[in-house]
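model01.pdb follows; it contains PDB, C-alpha atoms and all ligand atoms.
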```pdb
ATOM      1  CA  MET A 299     -15.766  -4.667  34.336
ATOM      2  CA  SER A 300     -17.010  -5.230  30.775
ATOM      3  CA  GLN A 301     -14.508  -5.537  27.904
ATOM      4  CA  GLU A 302     -15.937  -2.335  26.465
ATOM      5  CA  MET A 303     -15.277  -0.378  29.669
ATOM      6  CA  LEU A 304     -11.799  -1.853  29.933
ATOM      7  CA  ASN A 305     -11.068  -0.850  26.324
ATOM      8  CA  ASP A 306     -12.286   2.697  27.001
ATOM      9  CA  GLN A 307      -9.948   2.937  29.992
ATOM     10  CA  LEU A 308      -7.049   1.573  27.970
ATOM     11  CA  LYS A 309      -7.734   4.086  25.204
ATOM     12  CA  GLU A 310      -7.562   6.913  27.755
ATOM     13  CA  VAL A 311      -4.277   5.586  29.153
ATOM     14  CA  ILE A 312      -2.833   5.279  25.634
ATOM     15  CA  THR A 313      -3.928   8.781  24.608
ATOM     16  CA  ASP A 314      -2.405  10.203  27.767
ATOM     17  CA  LEU A 315       0.909   8.347  27.426
ATOM     18  CA  LYS A 316       1.137   9.162  23.736
ATOM     19  CA  LYS A 317       0.878  12.862  24.495
ATOM     20  CA  LYS A 318       3.196  12.851  27.518
ATOM     21  CA  LYS A 319       5.926  10.871  25.749
ATOM     22  CA  ASN A 320       5.557  12.539  22.354
ATOM     23  CA  TYR A 321       4.701   9.353  20.453
ATOM     24  CA  TYR A 322       3.276   8.890  16.977
ATOM     25  CA  ILE A 323       1.419   5.585  16.564
ATOM     26  CA  ILE A 324       1.390   3.885  13.161
ATOM     27  CA  THR A 325      -0.743   0.819  12.581
ATOM     28  CA  HIS A 326      -1.199  -1.644   9.753
ATOM     29  CA  ASN A 327      -4.560  -2.185   8.032
ATOM     30  CA  TYR A 328      -4.696  -5.798   9.295
ATOM     31  CA  VAL A 329      -4.487  -4.935  13.006
ATOM     32  CA  ALA A 330      -7.682  -4.925  15.136
ATOM     33  CA  THR A 331      -9.905  -1.884  14.630
ATOM     34  CA  ASP A 332      -9.801  -0.741  18.282
ATOM     35  CA  VAL A 333      -6.021  -0.361  17.907
ATOM     36  CA  GLN A 334      -6.555   1.425  14.594
ATOM     37  CA  GLU A 335      -8.825   3.889  16.426
ATOM     38  CA  ILE A 336      -6.108   5.090  18.828
ATOM     39  CA  SER A 337      -3.545   5.377  16.020
ATOM     40  CA  ASP A 338      -2.288   8.513  14.314
ATOM     41  CA  TYR A 339      -2.011   6.743  10.993
ATOM     42  CA  VAL A 340      -3.311   3.458   9.572
ATOM     43  CA  GLY A 341      -2.058   2.115   6.262
ATOM     44  CA  ASP A 342       0.109  -0.448   4.536
ATOM     45  CA  SER A 343       3.743  -1.108   5.367
ATOM     46  CA  LEU A 344       5.589   1.480   3.292
ATOM     47  CA  GLN A 345       2.887   4.128   3.725
ATOM     48  CA  MET A 346       3.181   3.769   7.503
ATOM     49  CA  ALA A 347       6.919   4.357   7.442
ATOM     50  CA  LEU A 348       6.644   7.250   4.982
ATOM     51  CA  ASN A 349       3.812   8.913   6.873
ATOM     52  CA  ALA A 350       5.854   8.852  10.086
ATOM     53  CA  THR A 351       8.619  10.884   8.423
ATOM     54  CA  ARG A 352       6.248  13.870   8.500
ATOM     55  CA  CYS A 353       4.942  13.393  12.053
ATOM     56  CA  GLY A 354       7.071  15.913  13.952
ATOM     57  CA  LYS A 355       7.343  13.534  16.958
ATOM     58  CA  ASP A 356      10.547  11.960  18.204
ATOM     59  CA  ARG A 357       9.106   8.535  19.064
ATOM     60  CA  ILE A 358       7.185   6.094  16.908
ATOM     61  CA  LEU A 359       5.219   3.091  18.107
ATOM     62  CA  VAL A 360       4.680   0.478  15.389
ATOM     63  CA  CYS A 361       1.501  -1.577  15.777
ATOM     64  CA  SER A 362       2.400  -4.209  13.248
ATOM     65  CA  ILE A 363       4.956  -6.902  12.524
ATOM     66  CA  ARG A 364       8.718  -6.620  13.030
ATOM     67  CA  ILE A 365       9.655  -6.064   9.375
ATOM     68  CA  MET A 366       7.378  -3.026   9.251
ATOM     69  CA  GLY A 367       9.154  -1.709  12.338
ATOM     70  CA  GLU A 368      12.382  -2.065  10.357
ATOM     71  CA  SER A 369      10.869  -0.062   7.490
ATOM     72  CA  ALA A 370       9.793   2.629   9.949
ATOM     73  CA  LYS A 371      13.305   2.818  11.408
ATOM     74  CA  LEU A 372      14.861   2.806   7.950
ATOM     75  CA  LEU A 373      12.958   5.930   6.911
ATOM     76  CA  ASN A 374      13.073   7.558  10.354
ATOM     77  CA  PRO A 375      16.676   6.992  11.462
ATOM     78  CA  ASP A 376      16.720   9.964  13.850
ATOM     79  CA  LYS A 377      13.597   8.877  15.726
ATOM     80  CA  LYS A 378      13.278   6.192  18.370
ATOM     81  CA  VAL A 379      11.112   3.414  16.949
ATOM     82  CA  PHE A 380       9.444   0.843  19.212
ATOM     83  CA  MET A 381       7.349  -2.242  18.500
ATOM     84  CA  ALA A 382       4.001  -2.784  20.233
ATOM     85  CA  HIS A 383       4.648  -6.538  20.382
ATOM     86  CA  PRO A 384       8.037  -8.277  20.631
ATOM     87  CA  THR A 385       7.220 -11.400  18.600
ATOM     88  CA  ALA A 386       4.688 -10.209  16.018
ATOM     89  CA  ASP A 387       6.432 -11.145  12.802
ATOM     90  CA  CYS A 388       5.631 -12.028   9.206
ATOM     91  CA  GLN A 389       5.837 -15.733   8.532
ATOM     92  CA  LEU A 390       6.254 -14.998   4.817
ATOM     93  CA  ALA A 391       9.270 -12.780   5.379
ATOM     94  CA  ASN A 392      10.908 -15.498   7.427
ATOM     95  CA  LEU A 393      10.349 -18.331   4.992
ATOM     96  CA  LYS A 394      13.673 -17.897   3.274
ATOM     97  CA  ASN A 395      16.804 -16.875   5.034
ATOM     98  CA  VAL A 396      19.578 -14.692   3.758
ATOM     99  CA  GLU A 397      21.992 -17.605   3.261
ATOM    100  CA  GLU A 398      19.634 -19.276   0.777
ATOM    101  CA  LEU A 399      19.325 -16.024  -1.144
ATOM    102  CA  LYS A 400      23.094 -15.539  -1.195
ATOM    103  CA  ALA A 401      23.525 -19.059  -2.602
ATOM    104  CA  LEU A 402      20.984 -18.319  -5.365
ATOM    105  CA  LYS A 403      22.738 -15.028  -6.150
ATOM    106  CA  GLN A 404      26.046 -16.879  -6.472
ATOM    107  CA  ARG A 405      24.505 -19.137  -9.098
ATOM    108  CA  HIS A 406      23.067 -16.090 -10.919
ATOM    109  CA  PRO A 407      25.615 -13.309 -10.342
ATOM    110  CA  GLN A 408      24.166 -10.994 -13.005
ATOM    111  CA  ALA A 409      20.586 -11.244 -11.763
ATOM    112  CA  GLU A 410      18.567  -8.285 -10.597
ATOM    113  CA  VAL A 411      17.193  -9.188  -7.158
ATOM    114  CA  VAL A 412      13.718  -7.723  -6.740
ATOM    115  CA  CYS A 413      12.381  -7.922  -3.208
ATOM    116  CA  TYR A 414       8.760  -7.370  -2.197
ATOM    117  CA  VAL A 415       8.734  -4.810   0.598
ATOM    118  CA  ASN A 416       7.266  -7.379   3.057
ATOM    119  CA  ALA A 417      10.647  -8.846   3.871
ATOM    120  CA  SER A 418      13.237  -8.440   6.583
ATOM    121  CA  ALA A 419      15.814  -5.666   6.226
ATOM    122  CA  ALA A 420      18.431  -8.429   6.045
ATOM    123  CA  LEU A 421      16.780  -9.882   2.921
ATOM    124  CA  ARG A 422      16.094  -6.462   1.433
ATOM    125  CA  ALA A 423      19.726  -5.463   1.930
ATOM    126  CA  GLU A 424      20.679  -8.405  -0.291
ATOM    127  CA  SER A 425      18.322  -7.211  -3.018
ATOM    128  CA  THR A 426      19.016  -4.652  -5.727
ATOM    129  CA  LEU A 427      15.478  -3.346  -6.120
ATOM    130  CA  THR A 428      12.364  -3.132  -3.934
ATOM    131  CA  CYS A 429       8.752  -3.393  -5.093
ATOM    132  CA  THR A 430       5.337  -3.255  -3.439
ATOM    133  CA  SER A 431       2.147  -5.162  -4.209
ATOM    134  CA  ALA A 432       0.841  -2.006  -5.889
ATOM    135  CA  ASN A 433       3.785  -1.469  -8.232
ATOM    136  CA  CYS A 434       5.287  -4.957  -8.783
ATOM    137  CA  LEU A 435       4.121  -5.150 -12.428
ATOM    138  CA  GLN A 436       5.470  -1.697 -13.228
ATOM    139  CA  ILE A 437       8.833  -2.417 -11.572
ATOM    140  CA  ILE A 438       9.389  -5.698 -13.415
ATOM    141  CA  ASP A 439       8.209  -4.171 -16.704
ATOM    142  CA  ALA A 440      10.786  -1.411 -16.307
ATOM    143  CA  LEU A 441      13.696  -3.874 -16.306
ATOM    144  CA  PRO A 442      15.476  -4.735 -19.565
ATOM    145  CA  LYS A 443      13.731  -7.570 -21.423
ATOM    146  CA  ASP A 444      16.795  -9.812 -21.241
ATOM    147  CA  ALA A 445      17.449  -9.210 -17.524
ATOM    148  CA  GLU A 446      17.705 -12.242 -15.307
ATOM    149  CA  ILE A 447      15.460 -11.573 -12.297
ATOM    150  CA  ILE A 448      15.338 -13.165  -8.871
ATOM    151  CA  PHE A 449      12.048 -12.330  -7.160
ATOM    152  CA  ILE A 450      11.675 -12.737  -3.369
ATOM    153  CA  PRO A 451      10.075 -13.644  -1.020
ATOM    154  CA  ASP A 452       6.460 -14.181  -2.164
ATOM    155  CA  SER A 453       6.211 -16.635  -5.045
ATOM    156  CA  ASN A 454       2.468 -16.001  -5.424
ATOM    157  CA  ILE A 455       3.146 -12.362  -6.266
ATOM    158  CA  GLY A 456       5.971 -13.590  -8.472
ATOM    159  CA  LYS A 457       3.657 -15.940 -10.379
ATOM    160  CA  TRP A 458       1.117 -13.145 -10.841
ATOM    161  CA  VAL A 459       3.899 -10.915 -12.208
ATOM    162  CA  GLU A 460       5.051 -13.692 -14.561
ATOM    163  CA  TYR A 461       1.482 -14.191 -15.784
ATOM    164  CA  LYS A 462       0.868 -10.481 -16.398
ATOM    165  CA  THR A 463       4.257  -9.478 -17.791
ATOM    166  CA  GLY A 464       5.276 -12.673 -19.611
ATOM    167  CA  ARG A 465       8.654 -12.491 -17.840
ATOM    168  CA  LYS A 466      10.383 -15.474 -16.257
ATOM    169  CA  LEU A 467      11.403 -15.002 -12.618
ATOM    170  CA  LEU A 468      13.716 -17.058 -10.418
ATOM    171  CA  MET A 469      11.852 -17.686  -7.169
ATOM    172  CA  PHE A 470      11.755 -19.650  -3.960
ATOM    173  CA  ASP A 471       8.583 -21.540  -3.185
ATOM    174  CA  SER A 472       7.334 -19.251  -0.404
ATOM    175  CA  TYR A 473       4.097 -17.497   0.245
ATOM    176  CA  CYS A 474       1.835 -15.873   2.827
ATOM    177  CA  TYR A 475      -0.288 -18.589   4.456
ATOM    178  CA  VAL A 476      -3.163 -16.139   5.062
ATOM    179  CA  HIS A 477      -3.676 -15.518   1.341
ATOM    180  CA  HIS A 478      -2.335 -18.797  -0.049
ATOM    181  CA  GLN A 479      -4.917 -20.920   1.811
ATOM    182  CA  ILE A 480      -7.792 -19.641  -0.367
ATOM    183  CA  SER A 481      -8.536 -22.225  -3.024
ATOM    184  CA  LEU A 482     -10.035 -21.545  -6.439
ATOM    185  CA  GLU A 483     -13.154 -23.474  -5.342
ATOM    186  CA  GLU A 484     -13.615 -21.282  -2.267
ATOM    187  CA  ALA A 485     -13.171 -18.093  -4.284
ATOM    188  CA  LEU A 486     -15.631 -19.323  -6.935
ATOM    189  CA  ALA A 487     -18.152 -20.273  -4.226
ATOM    190  CA  THR A 488     -17.992 -16.771  -2.681
ATOM    191  CA  LYS A 489     -18.352 -15.207  -6.124
ATOM    192  CA  ALA A 490     -21.376 -17.404  -6.797
ATOM    193  CA  GLN A 491     -22.883 -16.366  -3.458
ATOM    194  CA  TYR A 492     -22.466 -12.671  -4.336
ATOM    195  CA  PRO A 493     -22.881 -12.538  -8.124
ATOM    196  CA  GLU A 494     -23.358  -8.747  -8.193
ATOM    197  CA  TYR A 495     -20.164  -8.074  -6.254
ATOM    198  CA  LYS A 496     -16.700  -7.262  -7.591
ATOM    199  CA  LEU A 497     -13.975  -9.577  -6.310
ATOM    200  CA  LEU A 498     -10.788  -7.774  -5.267
ATOM    201  CA  VAL A 499      -7.839  -9.931  -4.284
ATOM    202  CA  HIS A 500      -4.350  -9.242  -3.039
ATOM    203  CA  PRO A 501      -1.609 -10.691  -5.290
ATOM    204  CA  GLU A 502      -0.389 -12.763  -2.332
ATOM    205  CA  CYS A 503      -3.355 -15.029  -3.214
ATOM    206  CA  GLY A 504      -2.655 -17.980  -5.510
ATOM    207  CA  LEU A 505      -2.526 -17.407  -9.266
ATOM    208  CA  GLU A 506      -5.748 -19.323  -9.986
ATOM    209  CA  VAL A 507      -7.626 -17.084  -7.529
ATOM    210  CA  CYS A 508      -6.027 -13.929  -8.975
ATOM    211  CA  LYS A 509      -7.080 -14.985 -12.493
ATOM    212  CA  ILE A 510     -10.796 -15.003 -11.594
ATOM    213  CA  ALA A 511     -10.691 -11.703  -9.656
ATOM    214  CA  ASP A 512     -12.122  -8.472 -11.063
ATOM    215  CA  LYS A 513      -9.120  -6.625  -9.693
ATOM    216  CA  VAL A 514      -5.781  -7.754  -8.244
ATOM    217  CA  CYS A 515      -4.493  -4.990  -6.025
ATOM    218  CA  SER A 516      -2.798  -3.812  -2.842
ATOM    219  CA  THR A 517      -4.670  -3.015   0.380
ATOM    220  CA  SER A 518      -4.429   0.724  -0.363
ATOM    221  CA  GLN A 519      -5.942   0.156  -3.789
ATOM    222  CA  MET A 520      -8.716  -1.917  -2.175
ATOM    223  CA  ILE A 521      -9.472   0.950   0.232
ATOM    224  CA  ALA A 522      -9.616   3.427  -2.657
ATOM    225  CA  PHE A 523     -11.890   1.119  -4.664
ATOM    226  CA  ALA A 524     -14.249   0.481  -1.723
ATOM    227  CA  SER A 525     -14.513   4.210  -1.018
ATOM    228  CA  GLU A 526     -15.929   4.743  -4.511
ATOM    229  CA  ASN A 527     -17.866   1.513  -5.066
ATOM    230  CA  ASP A 528     -20.421  -0.685  -3.364
ATOM    231  CA  ASN A 529     -20.804  -4.495  -3.541
ATOM    232  CA  VAL A 530     -17.211  -5.554  -2.993
ATOM    233  CA  ILE A 531     -15.635  -8.853  -1.902
ATOM    234  CA  LEU A 532     -12.337  -8.145  -0.142
ATOM    235  CA  GLY A 533      -9.743 -10.834  -0.771
ATOM    236  CA  THR A 534      -7.224 -10.067   1.898
ATOM    237  CA  GLU A 535      -6.720 -10.278   5.671
ATOM    238  CA  THR A 536     -10.018  -9.680   7.495
ATOM    239  CA  GLY A 537      -8.708  -6.596   9.350
ATOM    240  CA  LEU A 538      -9.161  -4.605   6.157
ATOM    241  CA  TYR A 539     -12.778  -5.717   5.879
ATOM    242  CA  GLU A 540     -13.379  -4.747   9.543
ATOM    243  CA  GLN A 541     -11.832  -1.316   8.974
ATOM    244  CA  LEU A 542     -13.897  -0.629   5.863
ATOM    245  CA  HIS A 543     -17.100  -2.012   7.338
ATOM    246  CA  LYS A 544     -16.693   0.376  10.275
ATOM    247  CA  ARG A 545     -15.948   3.300   7.969
ATOM    248  CA  TYR A 546     -18.767   2.546   5.504
ATOM    249  CA  PRO A 547     -21.473   0.708   7.507
ATOM    250  CA  ALA A 548     -24.078   1.189   4.770
ATOM    251  CA  LYS A 549     -21.937  -0.355   2.037
ATOM    252  CA  LYS A 550     -22.227  -3.960   0.996
ATOM    253  CA  LEU A 551     -18.765  -5.338   1.670
ATOM    254  CA  VAL A 552     -17.840  -8.937   2.474
ATOM    255  CA  PRO A 553     -14.551 -10.688   3.226
ATOM    256  CA  LEU A 554     -13.538 -13.352   0.720
ATOM    257  CA  SER A 555     -13.099 -15.725   3.665
ATOM    258  CA  SER A 556     -13.369 -15.313   7.419
ATOM    259  CA  ARG A 557     -10.349 -17.645   7.647
ATOM    260  CA  MET A 558      -8.034 -14.967   6.247
ATOM    261  CA  VAL A 559      -6.641 -14.006   9.646
ATOM    262  CA  CYS A 560      -2.975 -13.220  10.257
ATOM    263  CA  GLU A 561      -2.120 -14.560  13.707
ATOM    264  CA  ASP A 562       0.785 -12.192  14.132
ATOM    265  CA  MET A 563      -1.122  -9.038  13.238
ATOM    266  CA  LYS A 564      -3.781 -10.129  15.744
ATOM    267  CA  LYS A 565      -1.257 -10.376  18.584
ATOM    268  CA  ILE A 566      -1.462  -6.588  18.887
ATOM    269  CA  ASN A 567      -4.206  -5.317  21.165
ATOM    270  CA  LEU A 568      -4.873  -2.289  23.376
ATOM    271  CA  GLU A 569      -3.209  -3.897  26.413
ATOM    272  CA  ARG A 570      -0.053  -4.458  24.372
ATOM    273  CA  VAL A 571      -0.079  -0.888  23.084
ATOM    274  CA  ALA A 572      -0.483   0.573  26.587
ATOM    275  CA  ALA A 573       2.283  -1.683  27.968
ATOM    276  CA  ALA A 574       4.610  -0.810  25.066
ATOM    277  CA  LEU A 575       4.154   2.912  25.676
ATOM    278  CA  MET A 576       4.771   2.466  29.398
ATOM    279  CA  GLN A 577       7.758   0.136  29.188
ATOM    280  CA  GLU A 578       9.457   1.214  25.914
ATOM    281  CA  LYS A 579      11.160  -2.189  25.768
ATOM    282  CA  TYR A 580      11.139  -3.271  22.144
ATOM    283  CA  GLU A 581      13.216  -0.698  20.328
ATOM    284  CA  VAL A 582      14.036  -1.306  16.652
ATOM    285  CA  THR A 583      17.644  -0.856  15.604
ATOM    286  CA  LEU A 584      19.255  -1.337  12.197
ATOM    287  CA  ALA A 585      22.955  -1.722  11.475
ATOM    288  CA  ALA A 586      24.146   1.268   9.420
ATOM    289  CA  ASP A 587      25.528  -0.885   6.616
ATOM    290  CA  MET A 588      22.324  -2.916   6.303
ATOM    291  CA  ALA A 589      20.211   0.236   6.390
ATOM    292  CA  GLU A 590      22.256   1.825   3.600
ATOM    293  CA  ARG A 591      21.955  -1.223   1.314
ATOM    294  CA  THR A 592      18.224  -1.541   2.015
ATOM    295  CA  LEU A 593      17.721   2.144   1.278
ATOM    296  CA  HIS A 594      19.619   1.808  -1.983
ATOM    297  CA  SER A 595      17.184  -0.892  -3.126
ATOM    298  CA  LEU A 596      14.239   1.308  -2.122
ATOM    299  CA  ARG A 597      15.648   4.418  -3.842
ATOM    300  CA  ARG A 598      15.965   2.478  -7.090
ATOM    301  CA  MET A 599      12.257   1.658  -6.870
ATOM    302  CA  TRP A 600      11.412   5.340  -6.402
ATOM    303  CA  ASP A 601      13.685   6.268  -9.332
ATOM    304  CA  ILE A 602      11.733   3.891 -11.592
ATOM    305  CA  LEU A 603       8.399   5.289 -10.414
ATOM    306  CA  LYS A 604       9.403   8.938 -11.040
TER     307      LYS A 604
HETATM  308  S1  LIG B 701      -0.816 -11.402   6.258
HETATM  309 FE1  LIG B 701       0.780 -12.708   5.385
HETATM  310  S2  LIG B 701       2.271 -11.258   4.501
HETATM  311 FE2  LIG B 701       0.953 -10.103   5.936
HETATM  312  S3  LIG B 701       2.051 -10.176   7.898
HETATM  313 FE3  LIG B 701       0.597 -11.897   7.923
HETATM  314  S4  LIG B 701       1.837 -13.642   7.148
HETATM  315 FE4  LIG B 701       2.939 -11.772   6.605
END
```
Give the structure from the file, written as C-alpha cells.
Ligand code: SF4
Amino acid sequence: MSQEMLNDQLKEVITDLKKKKNYYIITHNYVATDVQEISDYVGDSLQMALNATRCGKDRILVCSIRIMGESAKLLNPDKKVFMAHPTADCQLANLKNVEELKALKQRHPQAEVVCYVNASAALRAESTLTCTSANCLQIIDALPKDAEIIFIPDSNIGKWVEYKTGRKLLMFDSYCYVHHQISLEEALATKAQYPEYKLLVHPECGLEVCKIADKVCSTSQMIAFASENDNVILGTETGLYEQLHKRYPAKKLVPLSSRMVCEDMKKINLERVAAALMQEKYEVTLAADMAERTLHSLRRMWDILK
C-alpha cells in the first residue's frame, strides 16, 4: 500500500475515533501538515490552549510538545487532556531546571521573573509574569524602569528584548537549537538570494539575525503577514513554511533554512495520533498548587495587555 493510501486510511480512522470519543484535536504550527489537516485547530502554544476552552468537547488531544499539553490542561482543567506522543518535548524548556531558577531568585529576591510561555509549568509556576514571543517587548516595557528582571528560559528572546527596550535582564544562557543554529552569514546569504523578499524571523533566532530582519515576530504574526503579502522568507521552524505553502500555493514563500526542523515536533505523525486516540495513554495532569501559581503568572500578563 502506498504511503498516500495509508495516510488516507489513517485520516478516516482518526476522524471516526475523534467523533466517537468526543475529542477536539489541537496542533502546533510546526507539526507535519497531514496532522494539521485532521486537526480542529492549528496555532501557536497559547492560542491552542485558549481555543480549546471554547470547543464544547470533553477530551482534548494535543499534537505538540509536552509543555503545550500543560498549557492546554491549565486552561481546560475540567477536560481530559492527552498527548499524541509521550516524549515529544521542548529542548529549550528543559535547558534550565527549577532548582537553578530558585537559586537565581534567592540571589535576587526582589526581581520580577518573566517567563516565556514555552516553558514547563514547573518553571512557569516559579515565575511572576508570563510573556509570549508576540508580546515580550510590551510586557517588559510595562514594568517599572528600575525593576530588576529575570527573564527565562530563552536568552535569544531576552537579548532581543534588551536590544529593543534598552532594559537589562538577568538570564541563563539557553536557547532553542532550531532557531539558534542560523548564523548571520546564512541569513545574509538567503537575503542575497531573494533580494525582493521580506525576511521575517522569530525572536528565538540570534540577535545578529534579528537585527537584519525586516520583521521580528511570532508565528501567528508571520501567518498574518504572509496572508497579506507575497515574497516572504520565513525564519522559523519549517512546519510553518509547509503550512503556508499549502494554504497559498501561488505565493512566493521560502524558508530561511531547510535545517530549521524541530525533532520533537516531527515525532508526531498520523500513526501516533490514531494510536493516541485509541489507547488514551498519555494523559496530562497538573498539581493544583502548581496550576494556580502558573495561572497567576498568566493572569498578570493578561492584566498588562488589557
Ligand atoms: S522549535 Fe525550539 S522552542 Fe519550539 S519546541 Fe522545538 S526546541 Fe522547543
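Here atom CA of Gly354 of chain A stands at a distance of 14.1 Å from atom CA of Ala370 of chain A.
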Shell around segment 442-453 of chain A at 6 Å using all atoms listed in the file, local window under 2 positions removed, as an mmCIF file with C-alpha atoms, in the frame of the given file:
```
data_model
loop_
_atom_site.group_PDB
_atom_site.id
_atom_site.type_symbol
_atom_site.label_atom_id
_atom_site.label_comp_id
_atom_site.auth_asym_id
_atom_site.auth_seq_id
_atom_site.Cartn_x
_atom_site.Cartn_y
_atom_site.Cartn_z
ATOM 1 C CA ALA A 409 20.586 -11.244 -11.763
ATOM 2 C CA GLU A 410 18.567 -8.285 -10.597
ATOM 3 C CA VAL A 411 17.193 -9.188 -7.158
ATOM 4 C CA VAL A 412 13.718 -7.723 -6.740
ATOM 5 C CA CYS A 413 12.381 -7.922 -3.208
ATOM 6 C CA ILE A 455 3.146 -12.362 -6.266
ATOM 7 C CA GLY A 456 5.971 -13.590 -8.472
ATOM 8 C CA LYS A 457 3.657 -15.940 -10.379
ATOM 9 C CA LEU A 467 11.403 -15.002 -12.618
ATOM 10 C CA LEU A 468 13.716 -17.058 -10.418
ATOM 11 C CA MET A 469 11.852 -17.686 -7.169
ATOM 12 C CA ASP A 471 8.583 -21.540 -3.185
ATOM 13 C CA SER A 472 7.334 -19.251 -0.404
ATOM 14 C CA TYR A 473 4.097 -17.497 0.245
#
```
Residues within 10 Å of ligand LIG 701 (chain B), counting all atoms listed in the file, as a ChimeraX atom specification | /A:326-329,342-343,362-366,386-393,415-417,451-452,473-478,502-503,534-537,558-564
Please write the residues picked by the PyMOL selection byres (((chain A and resi 336) around 10) and not hetatm) on this file as number ranges by chain.
-> A: 308-310, 312-313, 316, 323-325, 331-335, 337-340, 568, 571
Would you pick out the contacts of segment 395-402 of chain A at 8 Å or less, using only C-alpha atoms, so that residues sharing its chain but fewer than 5 positions from it are not included, and give the list as a CSV table (one decimal) with C-alpha atoms, in the coordinates of the input?
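Final output, saved to out-v4.csv:
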```csv
chain,number,residue,atom,x,y,z
A,420,ALA,CA,18.4,-8.4,6.0
A,421,LEU,CA,16.8,-9.9,2.9
A,424,GLU,CA,20.7,-8.4,-0.3
```
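Note that atom CA of Arg570 of chain A and atom CA of Met381 of chain A are 9.7 Å apart.
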Apply the PyMOL selection byres (((chain A and resi 351) around 12) and not hetatm) to the displayed file and report the matching residues as a PyMOL selection string.
-> chain A and resi 322+324+339+344-350+352-358+369-379
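Each of A:Leu554, A:Val582, A:Leu505, A:Leu435 was compared to Pro384 of chain A using all atoms listed in the file, and A:Val582 turns out to be the nearest.
Taking atom CA of Asp439 of chain A and atom CA of Glu460 of chain A as endpoints, the distance between them is 10.3 Å.
For His594 of chain A, the residues within 12 Å (counting only C-alpha atoms, excluding itself and residues fewer than 6 positions away along the chain) are Leu372, Leu373, Ala419, Arg422, Ala423, Glu424, Ser425, Thr426, Leu427, Thr428, Asp587, Met588, Trp600 and Asp601 of chain A.
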Limited to C-alpha atoms, could you put the picked residues into a file as a compact mmCIF listing (two decimals), in the coordinates of the input?
```txt
# COMPACT_ATOMS: atom_id res chain seq x y z
CA LEU A 372 14.86 2.81 7.95
CA LEU A 373 12.96 5.93 6.91
CA ALA A 419 15.81 -5.67 6.23
CA ARG A 422 16.09 -6.46 1.43
CA ALA A 423 19.73 -5.46 1.93
CA GLU A 424 20.68 -8.40 -0.29
CA SER A 425 18.32 -7.21 -3.02
CA THR A 426 19.02 -4.65 -5.73
CA LEU A 427 15.48 -3.35 -6.12
CA THR A 428 12.36 -3.13 -3.93
CA ASP A 587 25.53 -0.88 6.62
CA MET A 588 22.32 -2.92 6.30
CA TRP A 600 11.41 5.34 -6.40
CA ASP A 601 13.68 6.27 -9.33
```
Apply the PyMOL selection byres (((chain A and resi 530) around 9) and not hetatm) to the structure shown and report the selected residues as a PyMOL selection string.
-> chain A and resi 492+494-498+523-524+527-529+531-532+549-553
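You can rank A:Arg465, A:Ala572, A:Phe470, A:Val507 by their closest distance to Leu482 of chain A using all atoms listed in the file, and at the top of that list sits A:Val507.
For the set A:Tyr546, A:Phe380, A:Tyr580, A:Tyr414, the residue with the smallest atom-to-atom gap to Val459 of chain A is A:Tyr414, counting all atoms listed in the file.
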Mind giving me the axis-aligned box for segment 492-499 of chain A with 4 Å on every side, centre plus edges in Å to one decimal, as JSON?
```
{"center_x": -15.6, "center_y": -10.0, "center_z": -6.2, "size_x": 23.5, "size_y": 13.4, "size_z": 11.9}
```
As a PDB file, keeping the file's coordinate frame, please: segment 424-435 of chain A completed to N, CA and C atoms.
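Just written: out.pdb:
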```pdb
ATOM      1  N   GLU A 424      20.066  -7.536   0.721  1.00  0.00           N
ATOM      2  CA  GLU A 424      20.679  -8.405  -0.291  1.00  0.00           C
ATOM      3  C   GLU A 424      20.033  -8.234  -1.665  1.00  0.00           C
ATOM      4  N   SER A 425      18.999  -7.406  -1.726  1.00  0.00           N
ATOM      5  CA  SER A 425      18.322  -7.211  -3.018  1.00  0.00           C
ATOM      6  C   SER A 425      18.871  -5.962  -3.708  1.00  0.00           C
ATOM      7  N   THR A 426      18.546  -5.834  -4.990  1.00  0.00           N
ATOM      8  CA  THR A 426      19.016  -4.652  -5.727  1.00  0.00           C
ATOM      9  C   THR A 426      17.871  -3.686  -5.992  1.00  0.00           C
ATOM     10  N   LEU A 427      16.644  -4.151  -5.781  1.00  0.00           N
ATOM     11  CA  LEU A 427      15.478  -3.346  -6.120  1.00  0.00           C
ATOM     12  C   LEU A 427      14.296  -3.794  -5.260  1.00  0.00           C
ATOM     13  N   THR A 428      13.552  -2.816  -4.738  1.00  0.00           N
ATOM     14  CA  THR A 428      12.364  -3.132  -3.934  1.00  0.00           C
ATOM     15  C   THR A 428      11.124  -2.949  -4.799  1.00  0.00           C
ATOM     16  N   CYS A 429      10.046  -3.682  -4.478  1.00  0.00           N
ATOM     17  CA  CYS A 429       8.752  -3.393  -5.093  1.00  0.00           C
ATOM     18  C   CYS A 429       7.664  -3.571  -4.037  1.00  0.00           C
ATOM     19  N   THR A 430       6.481  -3.062  -4.330  1.00  0.00           N
ATOM     20  CA  THR A 430       5.337  -3.255  -3.439  1.00  0.00           C
ATOM     21  C   THR A 430       4.278  -4.055  -4.205  1.00  0.00           C
ATOM     22  N   SER A 431       3.204  -4.421  -3.507  1.00  0.00           N
ATOM     23  CA  SER A 431       2.147  -5.162  -4.209  1.00  0.00           C
ATOM     24  C   SER A 431       1.430  -4.251  -5.210  1.00  0.00           C
ATOM     25  N   ALA A 432       1.503  -2.950  -4.973  1.00  0.00           N
ATOM     26  CA  ALA A 432       0.841  -2.006  -5.889  1.00  0.00           C
ATOM     27  C   ALA A 432       1.652  -1.764  -7.157  1.00  0.00           C
ATOM     28  N   ASN A 433       2.991  -1.856  -7.050  1.00  0.00           N
ATOM     29  CA  ASN A 433       3.785  -1.469  -8.232  1.00  0.00           C
ATOM     30  C   ASN A 433       4.625  -2.606  -8.815  1.00  0.00           C
ATOM     31  N   CYS A 434       4.408  -3.853  -8.351  1.00  0.00           N
ATOM     32  CA  CYS A 434       5.287  -4.957  -8.783  1.00  0.00           C
ATOM     33  C   CYS A 434       5.303  -5.131 -10.306  1.00  0.00           C
ATOM     34  N   LEU A 435       4.156  -4.957 -10.960  1.00  0.00           N
ATOM     35  CA  LEU A 435       4.121  -5.150 -12.428  1.00  0.00           C
ATOM     36  C   LEU A 435       4.943  -4.058 -13.113  1.00  0.00           C
TER      37      LEU A 435
END
```
